[in-house]
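Asker: Before I ask anything, let me first share the structure, which is written out below as structure tokens.
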Amino acid sequence: MQQGPYWSMGVECYPYVFKPMWRLTDGEAPWTGRLEYKYEENGAWGTVCNDYFKNNYIAWNAACHSVGYLNVTGARYRSYGPGSGTILWDDIQCAPGNFYIENCSKLPITQNNCFHGQDVGVNCYPPADRIDLWQFRLQDGTATTNGRLEM
């Protein structure tokens, strides 16, 4: 591989505030837990009902993708106990090609016929080579937001 400026890559990062809409809580590890959604209207976290979800492996994978685990090795449904607050989503039905929960059919937000004992939980089992385990850094820049990207 040629060494020199023609094979280098420089980047400049602009401040961006990521606002996660999905999360897993009360699990034994970051990739396990009760699935919760952040309601944009009031900023509160709420839960997801397991109707149609419990036996749908496509929905389990979509849930894992929605919380950031894109290379799932084996998603599984599991209960992590009742949550609190509003049950925001119900009757989530995911079909092949529904990569994220947002792509799945569901009742309108806050419409449900559930109780918190039906809150969805998942185990996402990320592979060992998941991208967030890699080391990235910016080197030789003029600020912390620019420089040569090294992996």
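Here, A, B, ... name the chains of the structure tokens in the order displayed, residue numbers run from 1 inside each chain, and ligands are numbered from 1 in the same displayed order.
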Please list as a ChimeraX atom specification every residue within 12 Å of Tyr57 in chain A, counting only C-alpha atoms and excluding residues in the same chain fewer than 6 positions away.
Answerer: /A:63-64,72,74-78,92-96,98-99,122-124
Asker: Show me, as a VMD selection string, the residues that have an atom within 9 Å of Ser84 in chain A when counting only C-alpha atoms, minus same-chain residues fewer than 2 positions from it.
Answerer: chain A and resid 45 to 47 82 86 to 87 116
Asker: Can you work out the spacing between CA of Pro108 in chain A and CA of Val67 in chain A in Å, to one decimal?
Answerer: 20.4 Å
Asker: Need to verify the contact set: Ala44 in chain A, 9 Å, only C-alpha atoms, exclusion of same-chain residues closer than 4 positions in sequence. Can you return it as a ChimeraX atom specification?
Answerer: /A:37-40,85-86
Asker: Find, counting only C-alpha atoms, the residue in A:Tyr80, A:Tyr100, A:Phe115, A:Trp89 that gets nearest to Thr25 in chain A.
Answerer: A:Tyr80
Asker: When you draw a straight line from CA of Ala29 in chain A to CA of Tyr69 in chain A, how long is it in Å?
Answerer: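 CA of Tyr69 in chain A lies 12.9 Å from CA of Ala29 in chain A.
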